[in-house]
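input_11.cif follows (mmCIF, C-alpha atoms):
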```cif
data_target
loop_
_atom_site.label_atom_id
_atom_site.label_comp_id
_atom_site.auth_asym_id
_atom_site.auth_seq_id
_atom_site.Cartn_x
_atom_site.Cartn_y
_atom_site.Cartn_z
CA MET A 279 76.81 37.65 -27.30
CA ALA A 280 78.18 35.85 -30.34
CA ASP A 281 77.93 32.56 -28.44
CA ILE A 282 74.22 33.18 -27.69
CA THR A 283 73.57 34.14 -31.30
CA ARG A 284 75.26 30.94 -32.54
CA ARG A 285 73.23 28.81 -30.13
CA ALA A 286 69.99 30.54 -31.11
CA CYS A 287 70.80 30.01 -34.80
CA ALA A 288 71.60 26.35 -34.14
CA VAL A 289 68.32 25.85 -32.30
CA LEU A 290 66.37 27.59 -35.07
CA LEU A 291 68.13 25.45 -37.68
CA VAL A 292 67.23 22.23 -35.82
CA VAL A 293 63.61 23.37 -35.44
CA ALA A 294 63.36 24.30 -39.12
CA VAL A 295 64.89 21.04 -40.32
CA THR A 296 62.72 18.99 -37.97
CA ALA A 297 59.56 20.82 -39.03
CA ALA A 298 60.42 20.34 -42.69
CA CYS A 299 60.84 16.58 -42.31
CA ASP A 300 57.93 14.49 -43.52
CA THR A 301 57.59 11.29 -41.52
CA LYS A 302 55.81 9.56 -44.43
CA ALA A 303 57.95 7.77 -47.02
CA GLN A 304 58.31 9.73 -50.23
CA PHE A 305 56.52 7.15 -52.40
CA ALA A 306 54.08 5.80 -49.80
CA PRO A 307 50.46 5.71 -50.91
CA SER A 308 48.09 8.29 -49.48
CA LEU A 309 46.00 5.55 -47.82
CA PRO A 310 47.13 2.24 -46.29
CA PRO A 311 47.25 -0.62 -48.83
CA GLU A 312 45.24 -3.74 -47.92
CA ALA A 313 44.59 -7.24 -49.27
CA GLY A 314 42.19 -9.80 -47.89
CA PHE A 315 43.17 -13.11 -46.31
CA ARG A 316 41.11 -15.98 -44.89
CA VAL A 317 41.43 -19.70 -44.19
CA ASP A 318 38.78 -22.20 -45.27
CA ASP A 319 39.27 -25.92 -44.55
CA GLY A 320 43.00 -25.35 -44.02
CA VAL A 321 43.43 -23.43 -47.30
CA LEU A 322 44.96 -19.93 -47.05
CA LYS A 323 43.15 -17.69 -49.51
CA LEU A 324 43.97 -14.26 -50.92
CA TRP A 325 41.57 -11.66 -52.28
CA THR A 326 43.19 -8.58 -53.78
CA GLY A 327 39.89 -6.71 -53.30
CA THR A 328 39.89 -5.43 -56.86
CA PRO A 329 41.40 -7.17 -59.90
CA CYS A 330 45.12 -6.90 -60.53
CA GLU A 331 45.74 -6.94 -64.29
CA GLY A 332 49.04 -8.01 -65.87
CA VAL A 333 50.40 -9.84 -62.80
CA THR A 334 53.73 -11.52 -63.59
CA GLY A 335 54.57 -12.47 -60.04
CA LEU A 336 53.40 -12.65 -56.49
CA ARG A 337 55.57 -12.91 -53.39
CA LEU A 338 54.10 -14.29 -50.18
CA THR A 339 56.38 -13.55 -47.22
CA PHE A 340 55.95 -14.83 -43.68
CA ASP A 341 57.54 -12.95 -40.77
CA SER A 342 59.00 -10.29 -43.07
CA GLY A 343 62.02 -8.47 -41.67
CA THR A 344 62.88 -11.12 -39.07
CA GLN A 345 65.38 -13.98 -38.97
CA ALA A 346 62.45 -16.37 -39.40
CA SER A 347 61.40 -14.68 -42.66
CA THR A 348 60.59 -17.09 -45.48
CA GLU A 349 58.70 -16.75 -48.73
CA GLN A 350 56.88 -18.45 -51.53
CA VAL A 351 57.18 -16.95 -55.01
CA TRP A 352 54.62 -17.30 -57.80
CA ALA A 353 55.12 -16.38 -61.46
CA ALA A 354 53.21 -16.04 -64.72
CA PRO A 355 54.56 -15.42 -68.23
CA GLU A 356 54.40 -11.98 -69.86
CA PRO A 357 52.11 -10.14 -70.47
CA GLY A 358 50.86 -11.36 -67.11
CA VAL A 359 47.51 -12.57 -65.86
CA ARG A 360 44.49 -11.22 -64.03
CA VAL A 361 44.48 -12.03 -60.32
CA GLU A 362 41.75 -11.27 -57.83
CA ARG A 363 41.26 -14.43 -55.75
CA LEU A 364 43.86 -17.11 -55.27
CA ASP A 365 44.29 -20.17 -53.05
CA LEU A 366 47.79 -19.75 -51.67
CA LEU A 367 48.55 -22.66 -49.34
CA GLY A 368 46.90 -25.90 -48.31
CA VAL A 369 46.00 -27.10 -51.81
CA SER A 370 47.72 -29.66 -54.02
CA PHE A 371 50.31 -28.22 -56.39
CA PRO A 372 50.94 -27.86 -59.21
CA ASP A 373 47.46 -26.48 -59.73
CA THR A 374 47.21 -26.18 -63.51
CA GLU A 375 44.02 -24.10 -63.15
CA SER A 376 45.82 -21.34 -61.25
CA PRO A 377 46.80 -18.24 -63.25
CA LEU A 378 50.10 -18.21 -61.36
CA GLN A 379 52.47 -21.11 -60.72
CA VAL A 380 54.70 -21.61 -57.69
CA ARG A 381 58.33 -21.00 -58.69
CA THR A 382 59.85 -20.98 -55.20
CA PRO A 383 57.92 -23.08 -52.66
CA LEU A 384 58.11 -22.66 -48.93
CA PRO A 385 60.87 -24.76 -47.33
CA ALA A 386 59.96 -28.41 -46.75
CA GLY A 387 58.26 -28.85 -43.40
CA TYR A 388 57.62 -25.12 -42.94
CA ASP A 389 54.49 -24.53 -40.85
CA TRP A 390 53.09 -21.18 -41.98
CA THR A 391 50.43 -21.33 -39.24
CA LYS A 392 53.18 -20.61 -36.68
CA ALA A 393 54.24 -17.38 -38.41
CA GLY A 394 53.39 -14.01 -36.90
CA SER A 395 52.61 -12.13 -40.09
CA ILE A 396 51.98 -12.63 -43.77
CA SER A 397 52.80 -10.09 -46.49
CA VAL A 398 51.90 -10.11 -50.15
CA ALA A 399 53.60 -8.18 -52.95
CA VAL A 400 52.40 -8.11 -56.56
CA ASP A 401 54.73 -7.81 -59.56
CA GLY A 402 53.65 -6.53 -62.97
CA PRO A 403 51.10 -3.77 -62.43
CA LYS A 404 51.78 -0.77 -60.23
CA ALA A 405 50.83 -2.19 -56.85
CA ASN A 406 51.42 -1.84 -53.13
CA GLY A 407 52.16 -4.62 -50.69
CA ALA A 408 49.86 -5.55 -47.82
CA LYS A 409 50.30 -7.36 -44.51
CA ALA A 410 48.08 -9.34 -42.12
CA ASP A 411 48.38 -11.10 -38.76
CA VAL A 412 48.46 -14.88 -39.28
CA ALA A 413 47.01 -15.73 -35.85
CA GLN A 414 44.07 -13.40 -36.41
CA VAL A 415 43.35 -14.88 -39.85
CA LEU A 416 43.46 -18.41 -38.41
CA ARG A 417 41.45 -17.58 -35.29
CA GLU A 418 38.70 -15.49 -36.89
CA SER A 419 38.09 -16.94 -40.37
CA ALA A 420 35.50 -19.49 -39.17
CA GLN A 421 33.59 -16.70 -37.39
CA HIS A 422 32.96 -14.82 -40.65
CA PRO A 423 30.93 -15.74 -43.75
CA ALA A 424 32.84 -17.32 -46.65
CA GLY A 425 32.65 -14.13 -48.74
CA THR A 426 34.46 -12.01 -46.15
CA TYR A 427 38.23 -11.60 -45.83
CA LEU A 428 40.47 -9.93 -43.27
CA PHE A 429 41.73 -6.67 -44.77
CA GLY A 430 44.38 -5.88 -42.14
CA ARG A 431 43.51 -2.81 -40.07
CA SER A 432 40.19 -2.46 -41.93
CA GLY A 433 38.84 -5.72 -40.53
CA TRP A 434 36.59 -8.34 -42.12
CA LEU A 435 34.98 -7.10 -45.31
CA ASP A 436 32.75 -8.51 -48.02
CA ALA A 437 32.52 -7.18 -51.60
CA ALA A 438 30.20 -4.31 -50.61
CA GLY A 439 32.53 -3.32 -47.76
CA VAL A 440 35.59 -3.31 -50.01
CA GLU A 441 33.77 -1.26 -52.63
CA ARG A 442 32.60 1.22 -49.98
CA GLU A 443 35.99 1.63 -48.23
CA ASN A 444 38.45 1.36 -51.16
CA ARG A 445 39.85 4.84 -51.87
CA LYS A 446 38.19 6.10 -48.67
CA SER A 447 39.96 4.38 -45.74
CA PHE A 448 42.39 2.11 -47.63
CA LEU A 449 43.55 1.14 -51.11
CA THR A 450 43.38 -2.40 -52.42
CA VAL A 451 46.86 -3.51 -53.49
CA CYS A 452 46.22 -2.76 -57.19
CA THR A 453 44.09 0.39 -56.82
CA PRO A 454 45.92 3.44 -58.16
CA ASP A 455 46.57 6.09 -55.55
CA PRO A 456 44.03 8.92 -56.01
CA LYS A 457 46.38 11.62 -54.63
#
```
Could you express the structure from this file as structure tokens?
Amino acid sequence: MADITRRACAVLLVVAVTAACDTKAQFAPSLPPEAGFRVDDGVLKLWTGTPCEGVTGLRLTFDSGTQASTEQVWAAPEPGVRVERLDLLGVSFPDTESPLQVRTPLPAGYDWTKAGSISVAVDGPKANGAKADVAQVLRESAQHPAGTYLFGRSGWLDAAGVERENRKSFLTVCTPDPK
């Protein structure tokens, strides 16, 4: 009888612990974070969806979490700059008009168009990172008007679409979490 009681208690303990576990990361936002990407005339462009104020850095990572992972790092002096749209790759650098300057370029000869994914992380303001599929951005950009960007799982959106869906089905990278 004691053996059955111990087993029953063990099973109940496992069930209780499993039920109490939250599969969402403790500090994960309540909605998926998104940023917009597109390619025009070979130039990879970023749209944060809403302005990011006080940006001191931006990290562009290709194939994050894999052995092929590589990144480009951008920086701005304190107190930071406002970033909403930025040409990331495919333009001549240094671009003195850009609010951010490349501090760590991609390795010489690196072909970002062969990467599987692209991630962006913003430093300075409270922000969330976002990720997109490189092949999809390359393949579909020409099929969508210039004012639309691929916002990951949310698809191709223009300004009205971002305004409508932000805080409803996703958060732009610099939108505070409403939870």
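Using the PyMOL selection byres ((chain A and resi 405-421) around 6) on the file at hand returns these residues: Pro311, Glu312, Ala313, Arg316, Val317, Gly394, Ser395, Ile396, Ser397, Val398, Ala399, Pro403, Lys404, His422, Gly430, Val451 and Cys452 of chain A.
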Those selected residues, please, written with C-alpha atoms and delivered as a PDB file, keeping the file's coordinate frame.
```
ATOM      1  CA  PRO A 311      47.250  -0.620 -48.830  1.00  0.00           C
ATOM      2  CA  GLU A 312      45.240  -3.740 -47.920  1.00  0.00           C
ATOM      3  CA  ALA A 313      44.590  -7.240 -49.270  1.00  0.00           C
ATOM      4  CA  ARG A 316      41.110 -15.980 -44.890  1.00  0.00           C
ATOM      5  CA  VAL A 317      41.430 -19.700 -44.190  1.00  0.00           C
ATOM      6  CA  GLY A 394      53.390 -14.010 -36.900  1.00  0.00           C
ATOM      7  CA  SER A 395      52.610 -12.130 -40.090  1.00  0.00           C
ATOM      8  CA  ILE A 396      51.980 -12.630 -43.770  1.00  0.00           C
ATOM      9  CA  SER A 397      52.800 -10.090 -46.490  1.00  0.00           C
ATOM     10  CA  VAL A 398      51.900 -10.110 -50.150  1.00  0.00           C
ATOM     11  CA  ALA A 399      53.600  -8.180 -52.950  1.00  0.00           C
ATOM     12  CA  PRO A 403      51.100  -3.770 -62.430  1.00  0.00           C
ATOM     13  CA  LYS A 404      51.780  -0.770 -60.230  1.00  0.00           C
ATOM     14  CA  HIS A 422      32.960 -14.820 -40.650  1.00  0.00           C
ATOM     15  CA  GLY A 430      44.380  -5.880 -42.140  1.00  0.00           C
ATOM     16  CA  VAL A 451      46.860  -3.510 -53.490  1.00  0.00           C
ATOM     17  CA  CYS A 452      46.220  -2.760 -57.190  1.00  0.00           C
TER      18      CYS A 452
END
```
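The space between CA of Gly368 in chain A and CA of Tyr427 in chain A spans 16.9 Å.
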>> When you look at range 377-393 of chain A with a cut-off of 10 Å (counting all atoms listed in the file), what residues show up, excluding the ones that are within fewer than 4 positions of it in the same chain? I need them as a PyMOL selection string.
In response: chain A and resi 320+322+333-342+346-355+358-361+364+366-367+371-373+411-413+415-416
Would you put the residues from that selection into a file with C-alpha atoms, as a compact mmCIF listing (two decimals), keeping the file's coordinate frame?
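In the end it all went to part_33.txt:
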```txt
# COMPACT_ATOMS: atom_id res chain seq x y z
CA GLY A 320 43.00 -25.35 -44.02
CA LEU A 322 44.96 -19.93 -47.05
CA VAL A 333 50.40 -9.84 -62.80
CA THR A 334 53.73 -11.52 -63.59
CA GLY A 335 54.57 -12.47 -60.04
CA LEU A 336 53.40 -12.65 -56.49
CA ARG A 337 55.57 -12.91 -53.39
CA LEU A 338 54.10 -14.29 -50.18
CA THR A 339 56.38 -13.55 -47.22
CA PHE A 340 55.95 -14.83 -43.68
CA ASP A 341 57.54 -12.95 -40.77
CA SER A 342 59.00 -10.29 -43.07
CA ALA A 346 62.45 -16.37 -39.40
CA SER A 347 61.40 -14.68 -42.66
CA THR A 348 60.59 -17.09 -45.48
CA GLU A 349 58.70 -16.75 -48.73
CA GLN A 350 56.88 -18.45 -51.53
CA VAL A 351 57.18 -16.95 -55.01
CA TRP A 352 54.62 -17.30 -57.80
CA ALA A 353 55.12 -16.38 -61.46
CA ALA A 354 53.21 -16.04 -64.72
CA PRO A 355 54.56 -15.42 -68.23
CA GLY A 358 50.86 -11.36 -67.11
CA VAL A 359 47.51 -12.57 -65.86
CA ARG A 360 44.49 -11.22 -64.03
CA VAL A 361 44.48 -12.03 -60.32
CA LEU A 364 43.86 -17.11 -55.27
CA LEU A 366 47.79 -19.75 -51.67
CA LEU A 367 48.55 -22.66 -49.34
CA PHE A 371 50.31 -28.22 -56.39
CA PRO A 372 50.94 -27.86 -59.21
CA ASP A 373 47.46 -26.48 -59.73
CA ASP A 411 48.38 -11.10 -38.76
CA VAL A 412 48.46 -14.88 -39.28
CA ALA A 413 47.01 -15.73 -35.85
CA VAL A 415 43.35 -14.88 -39.85
CA LEU A 416 43.46 -18.41 -38.41
```
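In this structure, CA of Arg445 in chain A sits 20.5 Å away from CA of Gly425 in chain A.
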> Nearest to Pro357 in chain A among A:Pro307, A:Gly402, A:Gly314, A:Pro456, with distances taken over only C-alpha atoms: which residue is it?
Replying inline: A:Gly402
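CA of Thr426 in chain A is found 13.9 Å from CA of Glu443 in chain A.
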Which centre and edge lengths in Å to one decimal define the box along x, y and z that fits every listed atom of range 386-397 of chain A plus 4 Å per side, as JSON?
```
{"center_x": 55.2, "center_y": -19.5, "center_z": -41.7, "size_x": 17.5, "size_y": 26.8, "size_z": 18.1}
```
> Once the PyMOL selection byres ((chain A and resi 326) around 7) has been applied to the shown file, what residues remain in the selection, as a ChimeraX atom specification?
Replying inline: /A:313-314,324-325,327-329,362-363,450-451
> Which one of A:Pro454, A:Glu356, A:Leu435, A:Cys330 sits closest to Pro310 in chain A if you count only C-alpha atoms?
Replying inline: A:Pro454
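Candidate residues A:Leu309, A:Val400, A:Leu428, A:Val321 were compared for distance to Lys446 in chain A, and the nearest is A:Leu309, using only C-alpha atoms.
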